[in-house]
Amino acid sequence: MNNKMKRLKPRFAGSLLALWYGLCLLLGVLPQTVQAADYQALSPQPAVISCSALGRQVLDGVADAPVSISAASVVSTPKGEFCKVEGNIAPSIGFEVDLPLKGWTQRYLQGGCGGLCGMTRVGISNAGRCGPALNGEFVVAGNDMGHKGSMMGPDQASFGADPQQRIDFAYRANHQTALVAKALIRAFYGQPARFAYFVGCSDGGREALMEAQRYPDDFDGVSAGAPAALFQLQNSLYHGWNVVANQRADGSNILLQNRLDILHRAVLAHCAEGSEVKDGLLQDPLSCKVDPAWAQCPANARDSSQCLSAEEVAVARKLYDGPLDTAGRKLTMGGVLPGSELQWMVASSAHGKSMSNDIAALAISYLILPQVDLAMGNLQQLRFDDGSFRRLAQLAPLYNATNTNLQPFRQRGGKLILWHGLADTSVTPAVSLAYYQGVQQQLGAAATDSFMRLFLLPGVGHCGGGEGYDQVDVLSPLMAWTELQQAPAALLAGKLAHAAPDFMAGPPPADLPAAGKPAQGVPTLHVAPMASSPLARPWGEIKATRPVYPWPMIARYRGSGDVNDAVSYQPQRSALVLPLDFNSLASTLIGPDNQRNYQVVNGRLTAQP
C-alpha cells in the first residue's frame, strides 16, 4: 500500500480498501501488501503509573470472585519492556497480563489455550505478518483455564475430579481473565483498550467461539481456528472410533502409519485436486466420493508393499465414514476427509497406541461424563449407539461451543473468522462446516456474511502442519475487518521454504520401516505450546503463497503466471450442493441457545435454572 493511502483518515481508508478488496475478489487477485495488515491509526499511549504500582492495584469487584496479584515485574523483549502481571482469580484461575511500557496502540489481545491447558502463558498465534503483534503494541493476556497440570502428561485431564475446575475450563476462566485484564489496562494507561481481540486454535478455537457465544461484549474481533466445538463427541466417539475401528478382536492394530502413504497416493490419483495444479492438495475434498479400494491389492498379488490388504481397506473405509451405529447412522459429523491420510492418528505398530487412544480414554474417564469414571478409559467398553450418544452428550450445554445464535455478538459489531485445515484429523473440519451452516440457518446467509467468514485450508493439519500452506496470518485481516469494516476477501497462506519443527513427532521406533510416514511420538492431546511471549512469531522464509477464499469458494489457477504466487489464482465455487446435509445425531447438538451456566452444589455439577 502506498504512503498516500496510509495517511488517509481511517474512515476514508476503509472505504477505499473496501473497493480495492472487492475488485481483487472479482478479479481473483490477492495483493499481498493489502493483505499483510491494515488497521486504524491509533496513537501510542504510555503508562501513567509504574509497574510496581500496578502490582498493588486492588481489584475488588472486577471479577465474580476475589482477585489477587502475586507478582508484577518489568521484563525485556526484543521490542521493548513489558509489565508482566501474574495473579489468581479464585478459586484457581492463574492468569498473566503483559502490558507494554511504551508504544501501546490501544489494543488488547487474549490468547486461547490448547489441549486441556493447565499452564499460564501468553502468546499471539497466526499473526506472523501483523505489524502491531510483531512490534509489541498489544497488551496480551492468557490463563491456565482454572487448573495446573502438564499439558502433555498422563495427568492432563485429572482436574475433571474437581467440578469447579471443569466449569472454569469450559467457559469461566477466559471471561474472568478478560475482565481482570481490562481493569489492569485502565489502571496502567488511564484509559480502556480501543479494540479487544481473542485468538485461539484447537481447544483455543473452542474457547474463541465460547467467548462470542456466551460473552459477546468481551471482544470485538475473534479468530477461531480448528475449534473443538463439539467437545463432548469429538473427544469421545470420534477419537474412540479411530481406535476401535482399527483393532482386531485381540486388540492389535490393523492399519499402521507406514502404510498411510499408499492410501494417500491412491486418493490423489482419483480425486480432483481442484486448483488445476498438480500439488498433492485437494481444494475441495468433500466433493470426492472416496473409495479406499483404490489402494487394495489384486487378489493374486504376491507383493503387498505398495497396496493394502482387504482388512486394511475395511479400516480405512470406517475411518472415512466416522462413528456409525449398527444401523449405519452417523453419530458425529463424519470421519477424516480424503487427502488427510498422512495425518491419520493410527498407531505405528501392531500393539502400540495412537494419539486418538489417549485423547478418548482421558477425556471420557475424567471430563465427558458428569462423574469421573476411570473404568471408561478402556475403549473396548465404548459402544456406538443411541444410548452411548445420549450418555456422552449430557454435558454438551457445559463444554460445547455450538450455539448458533450469534445475534448479540453481531449486533454489537463483533467480527469472527473461523478457519480450519482440511487435513485436520484431530478435529474434523466437518464440525466447523456444520456450525457455520447452523449460523447461516439461524441468522440468514447475508447477515452471517456481514460478520462471520469460514476459511478451509487445503492440506493443512491440526492448527498447522501437513502438506498444505499452513503459514497464515489471521489477525491482520481480522483487524482490518474489525477496525475498518473491511471484510476479508481472502486469506494469504504461505508454505515455508524450510520445514518447521514438528512438535507432534518424535524419533521413529527402531522397528519402523524407513518407507512411509514417520511415527508419532508419545501420544499427546495436542501440539506442544510455544514459549510464552507477548510478541507474535514472524513468518519464516516462504517459498510459495496461495489464497484461501471464504467457503464455499476455492482457489483455482488462472492458467498463467507463477503457480507459487497467490496472485495467479482466482476464486471458483465449490462443486458441492449446498447446504450440506450431515445427517447425524450430532446435528442435534448444533443450534441456538443450547448452553447453560453451571454451579457446584453438594460437590456436583449442577445446571443453573
# chains A, B, ... in the order shown; residues from 1 in each chain; ligands from 1
>>> select_by_dssp(residues="segment 48-227 of chain A", states="strand (DSSP E or B)", output="ChimeraX atom specification")
/A:67-77,80-89,93-100,104,107-111,138-143,195-201,221-225
>>> select_by_dssp(residues="segment 150-197 of chain A", states="alpha helix (DSSP H)", output="count of residues only")
22
>>> closest_atom_pairs(of="segment 524-604 of chain A", to="segment 164-170 of chain A", cutoff="8 Å", atoms="only C-alpha atoms", output="JSON lines")
{"residue": "A:Tyr598", "atom": "CA", "partner": "A:Ile167", "partner_atom": "CA", "distance": 6.8}
{"residue": "A:Gln599", "atom": "CA", "partner": "A:Gln164", "partner_atom": "CA", "distance": 7.3}
{"residue": "A:Val600", "atom": "CA", "partner": "A:Gln164", "partner_atom": "CA", "distance": 6.4}
>>> write_last_selection(atoms="C-alpha atoms", output="compact mmCIF listing (two decimals), in the first residue's frame")
# COMPACT_ATOMS: atom_id res chain seq x y z
CA TYR A 598 -23.30 -24.43 35.88
CA GLN A 599 -22.56 -24.31 39.57
CA VAL A 600 -21.29 -26.75 42.16
>>> residues_around(residues="Gly80 of chain A", least_positions_apart="3", cutoff="10 Å", atoms="only C-alpha atoms", output="ChimeraX atom specification")
/A:75-77,100-103,135-137
>>> closest_residue(among="A:Pro216, A:Val277, A:Pro552, A:Gly461", to="Asn564 of chain A", atoms="only C-alpha atoms")
A:Val277
>>> closest_residue(among="A:Met119, A:Asn602, A:Ala157, A:Ser223", to="Leu374 of chain A", atoms="only C-alpha atoms")
A:Ala157
>>> residues_around(residues="Thr332 of chain A", least_positions_apart="4", cutoff="7 Å", atoms="only C-alpha atoms", output="ChimeraX atom specification")
/A:233,238,323,584-586
>>> closest_atom_pairs(of="segment 69-167 of chain A", to="segment 178-185 of chain A", cutoff="10 Å", atoms="only C-alpha atoms", output="JSON lines")
{"residue": "A:Val85", "atom": "CA", "partner": "A:Leu184", "partner_atom": "CA", "distance": 8.9}
{"residue": "A:Gly87", "atom": "CA", "partner": "A:Val180", "partner_atom": "CA", "distance": 9.8}
{"residue": "A:Asn88", "atom": "CA", "partner": "A:Val180", "partner_atom": "CA", "distance": 10.0}
{"residue": "A:Ile89", "atom": "CA", "partner": "A:Val180", "partner_atom": "CA", "distance": 8.7}
{"residue": "A:Phe95", "atom": "CA", "partner": "A:Ala181", "partner_atom": "CA", "distance": 9.0}
{"residue": "A:Glu96", "atom": "CA", "partner": "A:Ala181", "partner_atom": "CA", "distance": 8.6}
{"residue": "A:Val97", "atom": "CA", "partner": "A:Ala181", "partner_atom": "CA", "distance": 6.3}
{"residue": "A:Asp98", "atom": "CA", "partner": "A:Ala181", "partner_atom": "CA", "distance": 9.1}
{"residue": "A:Leu99", "atom": "CA", "partner": "A:Ile185", "partner_atom": "CA", "distance": 7.7}
{"residue": "A:Gln106", "atom": "CA", "partner": "A:Ile185", "partner_atom": "CA", "distance": 9.2}
{"residue": "A:Arg107", "atom": "CA", "partner": "A:Ile185", "partner_atom": "CA", "distance": 9.7}
{"residue": "A:Tyr108", "atom": "CA", "partner": "A:Lys182", "partner_atom": "CA", "distance": 8.0}
{"residue": "A:Leu109", "atom": "CA", "partner": "A:Ala178", "partner_atom": "CA", "distance": 9.2}
{"residue": "A:Gln110", "atom": "CA", "partner": "A:Ala178", "partner_atom": "CA", "distance": 7.5}
{"residue": "A:Val139", "atom": "CA", "partner": "A:Ile185", "partner_atom": "CA", "distance": 7.9}
{"residue": "A:Val140", "atom": "CA", "partner": "A:Ala181", "partner_atom": "CA", "distance": 8.6}
{"residue": "A:Ala141", "atom": "CA", "partner": "A:Ala181", "partner_atom": "CA", "distance": 7.0}
{"residue": "A:Gly142", "atom": "CA", "partner": "A:Ala178", "partner_atom": "CA", "distance": 8.9}
{"residue": "A:Asn143", "atom": "CA", "partner": "A:Ala178", "partner_atom": "CA", "distance": 9.8}
>>> write_last_selection(atoms="N, CA and C atoms", output="PDB file, in the first residue's frame")
ATOM      1  N   VAL A  85       2.235  -8.986  34.781  1.00  0.00           N
ATOM      2  CA  VAL A  85       1.429  -9.115  35.985  1.00  0.00           C
ATOM      3  C   VAL A  85       0.916 -10.551  36.070  1.00  0.00           C
ATOM      4  N   GLY A  87      -1.239 -13.405  38.555  1.00  0.00           N
ATOM      5  CA  GLY A  87      -2.179 -13.447  39.664  1.00  0.00           C
ATOM      6  C   GLY A  87      -3.122 -14.619  39.594  1.00  0.00           C
ATOM      7  N   ASN A  88      -4.153 -14.551  40.422  1.00  0.00           N
ATOM      8  CA  ASN A  88      -5.103 -15.647  40.556  1.00  0.00           C
ATOM      9  C   ASN A  88      -6.518 -15.097  40.725  1.00  0.00           C
ATOM     10  N   ILE A  89      -7.464 -15.737  40.061  1.00  0.00           N
ATOM     11  CA  ILE A  89      -8.879 -15.455  40.247  1.00  0.00           C
ATOM     12  C   ILE A  89      -9.457 -16.663  40.963  1.00  0.00           C
ATOM     13  N   PHE A  95      -3.556 -16.371  35.971  1.00  0.00           N
ATOM     14  CA  PHE A  95      -3.539 -15.513  34.783  1.00  0.00           C
ATOM     15  C   PHE A  95      -2.229 -14.750  34.681  1.00  0.00           C
ATOM     16  N   GLU A  96      -1.949 -14.296  33.482  1.00  0.00           N
ATOM     17  CA  GLU A  96      -0.806 -13.414  33.215  1.00  0.00           C
ATOM     18  C   GLU A  96      -1.247 -12.349  32.228  1.00  0.00           C
ATOM     19  N   VAL A  97      -0.868 -11.105  32.498  1.00  0.00           N
ATOM     20  CA  VAL A  97      -1.154  -9.992  31.607  1.00  0.00           C
ATOM     21  C   VAL A  97       0.158  -9.249  31.373  1.00  0.00           C
ATOM     22  N   ASP A  98       0.554  -9.095  30.119  1.00  0.00           N
ATOM     23  CA  ASP A  98       1.773  -8.380  29.758  1.00  0.00           C
ATOM     24  C   ASP A  98       1.402  -7.066  29.091  1.00  0.00           C
ATOM     25  N   LEU A  99       1.848  -5.955  29.687  1.00  0.00           N
ATOM     26  CA  LEU A  99       1.465  -4.624  29.219  1.00  0.00           C
ATOM     27  C   LEU A  99       2.713  -3.852  28.793  1.00  0.00           C
ATOM     28  N   GLN A 106      -3.383   0.866  22.014  1.00  0.00           N
ATOM     29  CA  GLN A 106      -4.765   0.824  22.471  1.00  0.00           C
ATOM     30  C   GLN A 106      -5.513  -0.453  22.075  1.00  0.00           C
ATOM     31  N   ARG A 107      -4.773  -1.562  21.994  1.00  0.00           N
ATOM     32  CA  ARG A 107      -5.387  -2.839  21.636  1.00  0.00           C
ATOM     33  C   ARG A 107      -5.059  -3.889  22.686  1.00  0.00           C
ATOM     34  N   TYR A 108      -6.041  -4.756  22.918  1.00  0.00           N
ATOM     35  CA  TYR A 108      -5.883  -5.864  23.866  1.00  0.00           C
ATOM     36  C   TYR A 108      -6.084  -7.175  23.120  1.00  0.00           C
ATOM     37  N   LEU A 109      -5.251  -8.160  23.399  1.00  0.00           N
ATOM     38  CA  LEU A 109      -5.391  -9.475  22.781  1.00  0.00           C
ATOM     39  C   LEU A 109      -5.266 -10.563  23.835  1.00  0.00           C
ATOM     40  N   GLN A 110      -6.193 -11.484  23.806  1.00  0.00           N
ATOM     41  CA  GLN A 110      -6.161 -12.633  24.711  1.00  0.00           C
ATOM     42  C   GLN A 110      -6.026 -13.896  23.876  1.00  0.00           C
ATOM     43  N   VAL A 139      -1.437  -5.206  24.496  1.00  0.00           N
ATOM     44  CA  VAL A 139      -1.481  -5.853  25.806  1.00  0.00           C
ATOM     45  C   VAL A 139      -1.952  -7.275  25.549  1.00  0.00           C
ATOM     46  N   VAL A 140      -1.235  -8.244  26.094  1.00  0.00           N
ATOM     47  CA  VAL A 140      -1.519  -9.653  25.814  1.00  0.00           C
ATOM     48  C   VAL A 140      -1.763 -10.392  27.130  1.00  0.00           C
ATOM     49  N   ALA A 141      -2.769 -11.245  27.149  1.00  0.00           N
ATOM     50  CA  ALA A 141      -3.097 -11.992  28.371  1.00  0.00           C
ATOM     51  C   ALA A 141      -3.384 -13.444  28.054  1.00  0.00           C
ATOM     52  N   GLY A 142      -3.240 -14.277  29.065  1.00  0.00           N
ATOM     53  CA  GLY A 142      -3.584 -15.693  28.967  1.00  0.00           C
ATOM     54  C   GLY A 142      -3.844 -16.240  30.347  1.00  0.00           C
ATOM     55  N   ASN A 143      -4.361 -17.466  30.410  1.00  0.00           N
ATOM     56  CA  ASN A 143      -4.622 -18.089  31.702  1.00  0.00           C
ATOM     57  C   ASN A 143      -4.493 -19.600  31.582  1.00  0.00           C
TER      58      ASN A 143
END
>>> residues_around(residues="Lys318 of chain A", least_positions_apart="2", cutoff="10 Å", atoms="only C-alpha atoms", output="PyMOL selection string")
chain A and resi 241-242+245-246+292+313-316+320-324+334-336
>>> residues_around(residues="Gly123 of chain A", least_positions_apart="6", cutoff="6 Å", atoms="only C-alpha atoms", output="tab-separated table (two decimals) with N, CA and C atoms, in the first residue's frame")
chain	number	residue	atom	x	y	z
A	111	GLY	N	-5.10	-14.76	24.26
A	111	GLY	CA	-4.85	-15.97	23.51
A	111	GLY	C	-5.49	-17.17	24.17
A	532	SER	N	6.17	-18.86	26.05
A	532	SER	CA	5.32	-17.72	26.38
A	532	SER	C	5.99	-16.43	25.93
A	533	SER	N	5.24	-15.58	25.21
A	533	SER	CA	5.79	-14.31	24.75
A	533	SER	C	4.65	-13.39	24.33
A	534	PRO	N	4.76	-12.08	24.62
A	534	PRO	CA	3.74	-11.14	24.16
A	534	PRO	C	3.94	-10.72	22.71
>>> decode(residues="segment 412-448 of chain A", atoms="C-alpha atoms", output="PDB file, in the first residue's frame")
ATOM      1  CA  ARG A 412     -22.519  -5.082  18.946  1.00  0.00           C
ATOM      2  CA  GLY A 413     -20.324  -5.096  15.827  1.00  0.00           C
ATOM      3  CA  GLY A 414     -18.251  -8.198  16.542  1.00  0.00           C
ATOM      4  CA  LYS A 415     -16.329  -9.912  13.736  1.00  0.00           C
ATOM      5  CA  LEU A 416     -15.499 -13.623  13.612  1.00  0.00           C
ATOM      6  CA  ILE A 417     -13.067 -15.513  11.397  1.00  0.00           C
ATOM      7  CA  LEU A 418     -13.500 -19.290  11.576  1.00  0.00           C
ATOM      8  CA  TRP A 419     -10.729 -21.333   9.933  1.00  0.00           C
ATOM      9  CA  HIS A 420      -9.851 -24.992   9.703  1.00  0.00           C
ATOM     10  CA  GLY A 421      -7.294 -27.205   7.968  1.00  0.00           C
ATOM     11  CA  LEU A 422      -8.909 -29.689   5.590  1.00  0.00           C
ATOM     12  CA  ALA A 423      -6.351 -32.365   6.539  1.00  0.00           C
ATOM     13  CA  ASP A 424      -7.103 -31.989  10.241  1.00  0.00           C
ATOM     14  CA  THR A 425      -7.731 -35.394  11.815  1.00  0.00           C
ATOM     15  CA  SER A 426      -7.773 -34.252  15.447  1.00  0.00           C
ATOM     16  CA  VAL A 427     -10.903 -32.134  14.979  1.00  0.00           C
ATOM     17  CA  THR A 428     -12.721 -32.985  11.775  1.00  0.00           C
ATOM     18  CA  PRO A 429     -13.364 -29.908   9.561  1.00  0.00           C
ATOM     19  CA  ALA A 430     -16.952 -31.089   9.150  1.00  0.00           C
ATOM     20  CA  VAL A 431     -17.652 -29.687  12.624  1.00  0.00           C
ATOM     21  CA  SER A 432     -16.734 -26.157  11.516  1.00  0.00           C
ATOM     22  CA  LEU A 433     -18.735 -26.562   8.306  1.00  0.00           C
ATOM     23  CA  ALA A 434     -21.791 -27.758  10.201  1.00  0.00           C
ATOM     24  CA  TYR A 435     -21.533 -24.955  12.736  1.00  0.00           C
ATOM     25  CA  TYR A 436     -21.112 -22.299  10.033  1.00  0.00           C
ATOM     26  CA  GLN A 437     -24.181 -23.602   8.211  1.00  0.00           C
ATOM     27  CA  GLY A 438     -26.043 -23.591  11.503  1.00  0.00           C
ATOM     28  CA  VAL A 439     -25.317 -19.899  11.984  1.00  0.00           C
ATOM     29  CA  GLN A 440     -26.452 -19.223   8.409  1.00  0.00           C
ATOM     30  CA  GLN A 441     -29.692 -21.074   9.058  1.00  0.00           C
ATOM     31  CA  GLN A 442     -30.213 -19.157  12.274  1.00  0.00           C
ATOM     32  CA  LEU A 443     -29.382 -15.636  11.086  1.00  0.00           C
ATOM     33  CA  GLY A 444     -29.576 -15.874   7.303  1.00  0.00           C
ATOM     34  CA  ALA A 445     -26.705 -16.081   4.833  1.00  0.00           C
ATOM     35  CA  ALA A 446     -26.409 -12.337   4.228  1.00  0.00           C
ATOM     36  CA  ALA A 447     -26.446 -11.444   7.927  1.00  0.00           C
ATOM     37  CA  THR A 448     -23.875 -14.156   8.652  1.00  0.00           C
TER      38      THR A 448
END
